[in-house]
Every structure is written in structure tokens, then in C-alpha cells.
$ cat model.txt   # compact mmCIF, C-alpha atoms
# COMPACT_ATOMS: atom_id res chain seq x y z
CA MET A 172 -11.42 -0.93 38.68
CA LYS A 173 -14.06 -3.15 37.40
CA GLY A 174 -15.98 -3.32 34.17
CA LEU A 175 -19.67 -2.94 33.67
CA PRO A 176 -22.38 -2.87 34.70
CA MET A 177 -21.08 -1.07 37.79
CA SER A 178 -21.19 2.50 39.02
CA VAL A 179 -18.08 4.63 38.73
CA VAL A 180 -17.48 4.42 42.46
CA ALA A 181 -17.68 0.64 42.51
CA ALA A 182 -15.60 0.44 39.37
CA TRP A 183 -12.49 1.97 40.88
CA ARG A 184 -11.27 -1.24 42.51
CA GLY A 185 -8.75 0.28 44.84
CA LEU A 186 -7.88 3.12 42.41
CA ARG A 187 -5.82 0.71 40.33
CA ARG A 188 -7.79 1.03 37.11
CA PRO A 189 -9.31 4.03 35.31
CA ALA A 190 -13.08 4.40 35.61
CA LEU A 191 -14.75 3.04 32.51
CA PHE A 192 -18.18 1.99 31.31
CA GLY A 193 -20.17 2.74 34.47
CA GLY A 194 -23.65 1.32 34.04
CA LEU A 195 -23.37 0.88 30.28
CA ALA A 196 -23.97 -2.38 28.43
CA LEU A 197 -21.32 -2.56 25.72
CA LEU A 198 -22.45 -4.40 22.62
CA PRO A 199 -21.01 -2.41 19.68
CA PHE A 200 -17.44 -3.57 20.28
CA LEU A 201 -18.37 -7.06 19.19
CA ALA A 202 -19.35 -6.01 15.70
CA GLY A 203 -17.99 -2.50 15.16
CA ALA A 204 -19.85 0.45 13.70
CA THR A 205 -22.73 -0.20 11.36
CA ALA A 206 -24.22 1.82 8.54
CA GLY A 207 -25.62 5.15 9.64
CA GLU A 208 -23.58 5.36 12.83
CA THR A 209 -21.03 8.01 13.59
CA PRO A 210 -17.87 7.22 11.56
CA ALA A 211 -14.71 6.07 13.28
CA THR A 212 -12.19 8.70 14.19
CA ALA A 213 -8.43 8.58 13.86
CA PRO A 214 -6.73 6.59 16.61
CA PRO A 215 -4.79 8.53 19.24
CA SER A 216 -1.01 8.48 19.35
CA PHE A 217 0.80 7.91 22.64
CA TRP A 218 4.29 7.77 21.13
CA ASP A 219 6.63 10.38 19.66
CA SER A 220 6.73 9.67 15.93
CA ASN A 221 9.98 11.66 15.56
CA ARG A 222 11.90 9.66 18.13
CA THR A 223 14.55 7.30 16.76
CA LEU A 224 13.72 3.72 17.68
CA GLU A 225 16.61 1.48 18.61
CA LYS A 226 15.84 -2.20 18.86
CA PRO A 227 16.80 -3.41 22.33
CA ASP A 228 18.68 -6.57 23.16
CA LEU A 229 16.12 -9.37 22.99
CA SER A 230 18.50 -12.23 23.71
CA GLY A 231 17.04 -12.70 27.19
CA VAL A 232 13.41 -12.49 26.06
CA ARG A 233 12.73 -16.09 25.02
CA GLN A 234 8.98 -15.94 25.66
CA ILE A 235 6.43 -13.62 27.24
CA ARG A 236 3.77 -14.92 29.59
CA PHE A 237 1.12 -12.23 29.56
CA LEU A 238 -1.36 -12.02 32.42
CA THR A 239 -4.82 -10.54 32.06
CA GLU A 240 -8.38 -10.99 33.30
CA ASP A 241 -11.62 -11.72 31.51
CA ASP A 242 -14.33 -9.41 32.84
CA PHE A 243 -13.51 -5.89 31.62
CA PRO A 244 -14.91 -5.53 28.09
CA PRO A 245 -13.88 -4.41 25.58
CA PHE A 246 -10.36 -4.67 27.01
CA ASN A 247 -10.59 -8.23 28.34
CA PHE A 248 -13.54 -10.60 28.05
CA LEU A 249 -14.47 -14.19 27.28
CA SER A 250 -15.54 -14.81 23.69
CA ALA A 251 -18.38 -17.14 22.71
CA ASP A 252 -15.94 -20.06 22.49
CA GLY A 253 -14.65 -19.44 26.02
CA GLN A 254 -11.35 -17.91 24.96
CA VAL A 255 -10.05 -14.66 26.43
CA ALA A 256 -10.31 -11.81 23.92
CA GLY A 257 -10.35 -8.03 23.73
CA PHE A 258 -8.25 -4.96 23.02
CA ASN A 259 -5.53 -5.93 25.49
CA VAL A 260 -5.38 -9.49 24.19
CA ASP A 261 -5.06 -8.44 20.55
CA LEU A 262 -2.38 -5.94 21.53
CA ALA A 263 -0.43 -8.61 23.42
CA ARG A 264 -0.48 -10.90 20.40
CA ALA A 265 0.64 -8.08 18.12
CA ILE A 266 3.55 -7.34 20.47
CA CYS A 267 4.69 -10.94 20.36
CA ALA A 268 4.50 -10.95 16.57
CA GLU A 269 6.48 -7.70 16.41
CA LEU A 270 9.20 -9.08 18.70
CA ASP A 271 9.03 -12.52 17.03
CA VAL A 272 8.85 -14.32 20.35
CA PRO A 273 6.33 -16.94 21.50
CA CYS A 274 3.84 -15.87 24.12
CA THR A 275 0.99 -17.17 26.22
CA ILE A 276 -1.96 -15.25 27.63
CA GLN A 277 -3.06 -16.46 31.04
CA ARG A 278 -6.19 -15.46 32.92
CA ARG A 279 -6.01 -14.36 36.53
CA SER A 280 -8.47 -12.73 38.88
CA TRP A 281 -7.69 -9.03 39.35
CA GLU A 282 -6.24 -9.40 42.85
CA LEU A 283 -3.79 -12.08 41.70
CA LEU A 284 -2.25 -10.21 38.76
CA ILE A 285 0.58 -8.46 40.61
CA PRO A 286 1.28 -11.42 42.95
CA SER A 287 1.66 -13.59 39.85
CA LEU A 288 4.47 -11.32 38.68
CA ASP A 289 6.11 -11.49 42.08
CA ASP A 290 6.09 -15.30 42.20
CA ASN A 291 7.37 -15.53 38.59
CA SER A 292 4.30 -17.32 37.24
CA GLY A 293 3.91 -14.54 34.66
CA ASP A 294 6.08 -11.94 32.93
CA ALA A 295 3.84 -9.01 32.05
CA ILE A 296 0.40 -7.72 33.01
CA ILE A 297 -1.73 -6.33 30.19
CA ALA A 298 -5.04 -5.68 31.94
CA SER A 299 -5.61 -1.90 31.91
CA LEU A 300 -3.59 -1.42 35.08
CA ALA A 301 -3.42 2.28 35.92
CA ILE A 302 -0.06 4.00 36.24
CA ASN A 303 -0.02 5.89 39.53
CA TYR A 304 1.97 6.36 42.71
CA GLU A 305 0.67 3.20 44.38
CA THR A 306 1.11 0.85 41.43
CA ARG A 307 4.59 2.20 40.67
CA LYS A 308 5.67 1.00 44.09
CA GLN A 309 4.73 -2.55 43.10
CA VAL A 310 5.66 -2.88 39.42
CA ASP A 311 7.52 -1.17 36.57
CA PHE A 312 5.53 0.14 33.60
CA THR A 313 5.95 0.67 29.92
CA ALA A 314 4.92 4.01 28.49
CA PRO A 315 1.12 4.44 28.54
CA TYR A 316 -0.76 2.74 25.72
CA PHE A 317 -4.22 4.02 26.64
CA LEU A 318 -5.86 6.66 28.77
CA THR A 319 -9.40 7.74 29.48
CA PRO A 320 -10.07 11.43 28.84
CA GLY A 321 -13.06 13.45 29.90
CA ARG A 322 -15.39 14.91 27.28
CA PHE A 323 -18.56 16.92 26.97
CA ALA A 324 -21.63 15.45 25.32
CA MET A 325 -24.41 17.77 24.19
CA ARG A 326 -27.68 17.36 22.38
CA THR A 327 -27.40 17.61 18.62
CA ASP A 328 -29.95 20.44 18.63
CA THR A 329 -28.01 22.57 21.09
CA THR A 330 -27.34 26.19 20.26
CA LEU A 331 -23.98 26.08 22.03
CA LYS A 332 -21.10 26.39 19.60
CA SER A 333 -18.40 25.11 21.95
CA ALA A 334 -17.78 23.63 25.38
CA SER A 335 -15.53 26.43 26.58
CA PRO A 336 -16.11 27.88 30.07
CA ASP A 337 -17.40 31.11 28.52
CA ALA A 338 -19.80 29.31 26.20
CA ILE A 339 -21.25 27.12 28.92
CA GLY A 340 -21.37 29.94 31.44
CA ASP A 341 -23.86 29.16 34.22
CA ARG A 342 -25.80 26.54 32.26
CA PRO A 343 -26.65 23.20 33.93
CA VAL A 344 -24.15 20.39 33.34
CA ALA A 345 -24.81 16.80 34.41
CA VAL A 346 -21.94 15.01 36.14
CA VAL A 347 -21.47 12.08 38.50
CA GLY A 348 -21.30 13.46 42.03
CA GLY A 349 -17.95 13.03 43.75
CA SER A 350 -16.19 12.00 40.55
CA ARG A 351 -12.98 13.30 39.03
CA HIS A 352 -15.15 14.85 36.32
CA GLU A 353 -17.00 16.92 38.91
CA ALA A 354 -13.67 18.00 40.40
CA PHE A 355 -12.44 19.08 36.96
CA LEU A 356 -15.55 21.16 36.35
CA LYS A 357 -15.26 22.83 39.73
CA ALA A 358 -11.67 23.77 38.91
CA PHE A 359 -12.12 25.02 35.32
CA TYR A 360 -15.85 25.74 34.95
CA PRO A 361 -16.59 27.63 38.17
CA LYS A 362 -19.66 29.38 36.75
CA ALA A 363 -21.36 26.22 35.51
CA THR A 364 -24.38 24.96 37.41
CA LEU A 365 -23.35 21.42 38.26
CA VAL A 366 -26.16 18.88 38.46
CA PRO A 367 -24.74 15.81 40.24
CA PHE A 368 -26.14 12.32 39.67
CA GLU A 369 -25.41 9.05 41.42
CA THR A 370 -24.55 7.14 38.25
CA PRO A 371 -23.35 7.93 34.71
CA ALA A 372 -26.55 6.43 33.29
CA LEU A 373 -28.70 8.92 35.18
CA ALA A 374 -26.51 11.79 33.99
CA ARG A 375 -26.79 10.60 30.37
CA ASN A 376 -30.56 10.27 30.68
CA ALA A 377 -30.80 13.85 31.93
CA LEU A 378 -28.94 15.05 28.87
CA LYS A 379 -31.04 13.00 26.48
CA ALA A 380 -34.23 14.34 28.08
CA GLY A 381 -32.98 17.92 27.76
CA ARG A 382 -32.96 18.58 31.51
CA VAL A 383 -29.34 19.79 31.27
CA GLN A 384 -27.35 21.53 28.56
CA ALA A 385 -24.37 19.17 28.68
CA HIS A 386 -22.94 16.12 30.37
CA PHE A 387 -19.26 15.85 31.24
CA GLY A 388 -17.97 12.35 31.83
CA ASP A 389 -15.84 9.40 30.86
CA ALA A 390 -15.13 9.68 27.13
CA VAL A 391 -14.93 5.94 26.47
CA THR A 392 -18.27 5.28 28.12
CA LEU A 393 -19.78 8.20 26.25
CA SER A 394 -18.38 7.08 22.90
CA TYR A 395 -20.23 3.76 23.17
CA TRP A 396 -23.41 5.43 24.39
CA LEU A 397 -23.39 7.93 21.53
CA ASN A 398 -22.93 5.09 19.06
CA GLY A 399 -25.66 2.91 20.55
CA ALA A 400 -29.40 2.53 20.44
CA GLU A 401 -29.83 3.89 23.97
CA ALA A 402 -28.79 7.39 22.91
CA GLY A 403 -30.91 7.21 19.78
CA GLY A 404 -28.82 9.81 17.98
CA CYS A 405 -29.76 12.46 20.52
CA CYS A 406 -26.33 13.72 21.28
CA GLU A 407 -22.74 14.20 20.17
CA PHE A 408 -19.30 15.08 21.49
CA ARG A 409 -18.44 18.74 21.70
CA ASP A 410 -14.78 19.79 22.02
CA GLY A 411 -12.10 17.97 23.96
CA PRO A 412 -10.68 15.54 24.81
CA PHE A 413 -9.53 16.70 28.24
CA THR A 414 -6.54 14.74 29.50
CA ASP A 415 -5.16 16.67 32.49
CA PRO A 416 -3.34 13.94 34.47
CA ARG A 417 -4.21 15.62 37.76
CA PHE A 418 -7.82 14.63 37.15
CA PHE A 419 -7.75 11.86 34.54
CA GLY A 420 -4.60 9.99 35.49
CA GLU A 421 -1.48 8.99 33.60
CA GLY A 422 -3.10 6.23 31.60
CA VAL A 423 -2.51 2.50 31.66
CA GLY A 424 0.66 0.60 30.84
CA ILE A 425 1.98 -2.93 30.61
CA ALA A 426 3.40 -3.90 33.97
CA VAL A 427 6.50 -6.01 34.56
CA LYS A 428 8.24 -7.16 37.71
CA LYS A 429 10.33 -4.51 39.43
CA GLY A 430 13.77 -4.34 37.84
CA ASN A 431 12.89 -6.30 34.69
CA ASN A 432 14.24 -3.54 32.48
CA GLN A 433 15.08 -5.78 29.53
CA LEU A 434 11.48 -6.87 29.06
CA ARG A 435 10.13 -3.40 29.75
CA ARG A 436 12.38 -1.90 27.05
CA ALA A 437 11.38 -4.65 24.62
CA LEU A 438 7.68 -3.97 25.23
CA ASP A 439 8.16 -0.21 24.83
CA TYR A 440 9.95 -0.79 21.54
CA ALA A 441 7.21 -3.10 20.28
CA LEU A 442 4.44 -0.67 21.22
CA ALA A 443 6.15 2.21 19.41
CA LYS A 444 6.78 0.06 16.33
CA LEU A 445 3.16 -1.09 16.25
CA ALA A 446 2.03 2.52 16.41
CA ARG A 447 4.29 3.56 13.53
CA ARG A 448 3.22 0.66 11.35
CA GLY A 449 -0.46 1.39 11.94
CA VAL A 450 -1.13 -1.89 13.73
CA PHE A 451 -2.00 -0.23 17.02
CA GLY A 452 -4.46 2.00 15.17
CA GLU A 453 -6.15 -0.98 13.54
CA ILE A 454 -6.60 -2.70 16.89
CA TYR A 455 -7.87 0.52 18.48
CA LEU A 456 -10.48 1.13 15.77
CA LYS A 457 -11.64 -2.49 15.98
CA TYR A 458 -12.76 -1.98 19.57
CA PHE A 459 -13.47 1.77 19.56
CA PRO A 460 -15.30 2.51 16.30
CA VAL A 461 -16.42 5.86 17.71
CA GLY A 462 -13.26 7.09 19.35
CA PRO A 463 -13.16 8.79 22.76
CA PHE A 464 -10.43 11.15 21.53
$ encode --input "model.txt" --output "C-alpha cells"
Amino acid sequence: MKGLPMSVVAAWRGLRRPALFGGLALLPFLAGATAGETPATAPPSFWDSNRTLEKPDLSGVRQIRFLTEDDFPPFNFLSADGQVAGFNVDLARAICAELDVPCTIQRRSWELLIPSLDDNSGDAIIASLAINYETRKQVDFTAPYFLTPGRFAMRTDTTLKSASPDAIGDRPVAVVGGSRHEAFLKAFYPKATLVPFETPALARNALKAGRVQAHFGDAVTLSYWLNGAEAGGCCEFRDGPFTDPRFFGEGVGIAVKKGNNQLRRALDYALAKLARRGVFGEIYLKYFPVGPF
């Protein structure tokens, strides 16, 4: 999928990337949270902290040529000096430092990422590539290092105490029509009065204006909206996150060429070590000062 400022439908890009940031201009990630904004939350954990980590054989990993793109902020984007930057880029550099191997980060257009693995012009894709049935047929993945949950946003003056199906009842809930979020509500909130909108921005505006009692949508998009001037402090998260993989996917992973198990194991080891040492959390909070989880 594509980054902003696109609708959720346009953002899917062949169902290879999770839907993020539909119609939302993302500025806070450049500077982080400022005084008076909602404080940062604890970073999520995607790794079992009780699992014994065994360092894999790194003798065959002499360097890592990471592949990414530059138009999916805050994960990948061009900085003011023309260099590729973002959450994925910082994570790639931290992995190389953890493994103590040199690495390069090369830009590719989205459609050339997987072909670049196949023709051996790169070793690993770190570009928010979704783990699913179709992508698994083309590449091997590390464990997920990010996923995009669904969450409810409500006005701060709401009288609702929770976002449970019983609490919401038959109240109106804004959602993007035809989205996975709408499908989730239909499955688990059958009494809710769904109010579909064409874009996430229209759904958020309906909530801010008080035309609906809640909005259910992409938690990452919502986290930036809630933290930004556009929302104006109108609203807040209520309950969640919701991470059912049937609706919200299996997350994103670092992709390697089929059969490259040595590199995949090395990357998995590095990701888990970075999580345990708190480095992953530091990178996460740098780009997500108001967490989606």
C-alpha cells in the first residue's frame, strides 16, 4: 500500500501493505510530541521476553544490503538533505549495529523491491511489507516487527465508559465503507448503527463534529490525528487495541529471498535483542509519540 495523502482503498497497493495514514498529513513524526500533547505510551512488544535467545551463525552474513522506498512516512521518507529516513531505516541501522555487520540502505520503487531480491541486487526488504498468503509465496519473512490494529476514537466529552458491544449498543459509529474496520464491526458489533464514509478524513470529521458517537479505524492514523492540530483535542482513544489477524492482518516483517534462512535467523535474533535492550522501543517512540497500541 501507499502512504499519504491517499484513501484507504488506494493505499492498499495490491494488498501488500497494511492500510495506513489515509488522507492524513503527518507532521508530528518529524519533531515528536510537544508540551501539552498526549504523553507517549509504552511501546508494544512483538517478541516473547521469556524465550532463550541463541545467537545464530553469522559467518555467512558479511554485509546486509537493505532495500526500502522513500514515500511512506513515517516508515520511509526523504529527509531535508535528500537522505532516506524513517522508522524502517532507523531499525535497519540498529540491526546492523546489533549484528556488527556493515550494511547499506538502497532505495527502490515499490514494484521493484521483491524483484531486487530475486536478482540478488539486495539482501533484505525493510519497507512495511505485509505478511500474507501472497507475499509468503514470493519471499521469506522474519517475525512481525509492526502491525496496525483497529481502535475506537470517541469525543472526550462522551458519556460512554467503554467501547464494548454492550456499551455502544445501537449508537452511530463512523467507519470507512468497505474497509476491514467495517467488516470487523459487522462481525462483533452487530447492533451498532454503522455510518460509512468514503475516506477516513470524513469519518474523523463526523466524530469531531459530534454527528456520531465513535469512529473505528486505523489506530496509527488515529494516533497522529489525535495528537495533531486537526483534532484540536476533541477526541481520545477508548479501549483496544484490536488485533484480530482475520481483519487486521499478521503485521509486517523483514523479507529475504526464499531459502535464505541464515540471514532470516540473524535478523530475527537482532530484532529480539533490540527489543530486550529497549532499542526497538526507543525507535518506536521516536516516530509514534502517541502510540496506536
$ atom_distance --input "model.txt" --atom1 "CA of Gln433 (chain A)" --atom2 "CA of Glu421 (chain A)"
22.6 Å
$ residues_around --input "model.txt" --residues "Asp219 (chain A)" --least-positions-apart "2" --cutoff "12 Å" --atoms "all atoms listed in the file" --output "count of residues only"
15
$ residues_around --input "model.txt" --residues "Ala374 (chain A)" --least-positions-apart "6" --cutoff "7 Å" --atoms "only C-alpha atoms" --output "list in words"
Ala345, Val346, Val347, Phe368 and His386 of chain A
$ residues_near_point --input "model.txt" --point "(-33.0, 19.9, 27.9)" --cutoff "12 Å" --atoms "all atoms listed in the file" --output "list in words"
Met325, Arg326, Thr327, Asp328, Thr329, Thr330, Arg342, Pro343, Val344, Ala345, Arg375, Asn376, Ala377, Leu378, Lys379, Ala380, Gly381, Arg382, Val383, Gln384, Ala385, His386, Cys405 and Cys406 of chain A
$ closest_residue --input "model.txt" --among "A:Ala338, A:Leu270, A:Leu397, A:Ala426" --to "Phe237 (chain A)" --atoms "all atoms listed in the file"
A:Ala426
$ atom_distance --input "model.txt" --atom1 "CA of Lys357 (chain A)" --atom2 "CA of Tyr316 (chain A)"
28.5 Å
$ residues_around --input "model.txt" --residues "region 286-303 of chain A" --least-positions-apart "6" --cutoff "10 Å" --atoms "all atoms listed in the file" --output "PyMOL selection string"
chain A and resi 172+186-190+234-241+243+246-247+258-260+262-263+274-279+309-318+420-429+431+434-435+438
$ atom_distance --input "model.txt" --atom1 "CA of Trp281 (chain A)" --atom2 "CA of Leu249 (chain A)"
14.8 Å
$ axis_aligned_box --input "model.txt" --around "region 340-358 of chain A" --padding-each-side "3 Å" --output "lines of an AutoDock Vina configuration file"
center_x = -19.2
center_y = 21.0
center_z = 37.6
size_x = 21.0
size_y = 23.9
size_z = 18.3
$ residues_around --input "model.txt" --residues "Ile454 (chain A)" --least-positions-apart "2" --cutoff "12 Å" --atoms "only C-alpha atoms" --output "mmCIF file with C-alpha atoms, keeping the file's coordinate frame"
data_model
loop_
_atom_site.group_PDB
_atom_site.id
_atom_site.type_symbol
_atom_site.label_atom_id
_atom_site.label_comp_id
_atom_site.auth_asym_id
_atom_site.auth_seq_id
_atom_site.Cartn_x
_atom_site.Cartn_y
_atom_site.Cartn_z
ATOM 1 C CA PHE A 200 -17.440 -3.570 20.280
ATOM 2 C CA GLY A 203 -17.990 -2.500 15.160
ATOM 3 C CA ALA A 213 -8.430 8.580 13.860
ATOM 4 C CA PRO A 214 -6.730 6.590 16.610
ATOM 5 C CA PRO A 215 -4.790 8.530 19.240
ATOM 6 C CA PRO A 245 -13.880 -4.410 25.580
ATOM 7 C CA PHE A 246 -10.360 -4.670 27.010
ATOM 8 C CA GLY A 257 -10.350 -8.030 23.730
ATOM 9 C CA PHE A 258 -8.250 -4.960 23.020
ATOM 10 C CA ASN A 259 -5.530 -5.930 25.490
ATOM 11 C CA VAL A 260 -5.380 -9.490 24.190
ATOM 12 C CA ASP A 261 -5.060 -8.440 20.550
ATOM 13 C CA LEU A 262 -2.380 -5.940 21.530
ATOM 14 C CA ALA A 263 -0.430 -8.610 23.420
ATOM 15 C CA ARG A 264 -0.480 -10.900 20.400
ATOM 16 C CA ALA A 265 0.640 -8.080 18.120
ATOM 17 C CA ILE A 266 3.550 -7.340 20.470
ATOM 18 C CA TYR A 316 -0.760 2.740 25.720
ATOM 19 C CA LEU A 445 3.160 -1.090 16.250
ATOM 20 C CA ALA A 446 2.030 2.520 16.410
ATOM 21 C CA ARG A 448 3.220 0.660 11.350
ATOM 22 C CA GLY A 449 -0.460 1.390 11.940
ATOM 23 C CA VAL A 450 -1.130 -1.890 13.730
ATOM 24 C CA PHE A 451 -2.000 -0.230 17.020
ATOM 25 C CA GLY A 452 -4.460 2.000 15.170
ATOM 26 C CA LEU A 456 -10.480 1.130 15.770
ATOM 27 C CA LYS A 457 -11.640 -2.490 15.980
ATOM 28 C CA TYR A 458 -12.760 -1.980 19.570
ATOM 29 C CA PHE A 459 -13.470 1.770 19.560
ATOM 30 C CA PRO A 460 -15.300 2.510 16.300
#
$ closest_residue --input "model.txt" --among "A:Gly348, A:Pro273, A:Gly321, A:Gly253" --to "Val391 (chain A)" --atoms "all atoms listed in the file"
A:Gly321
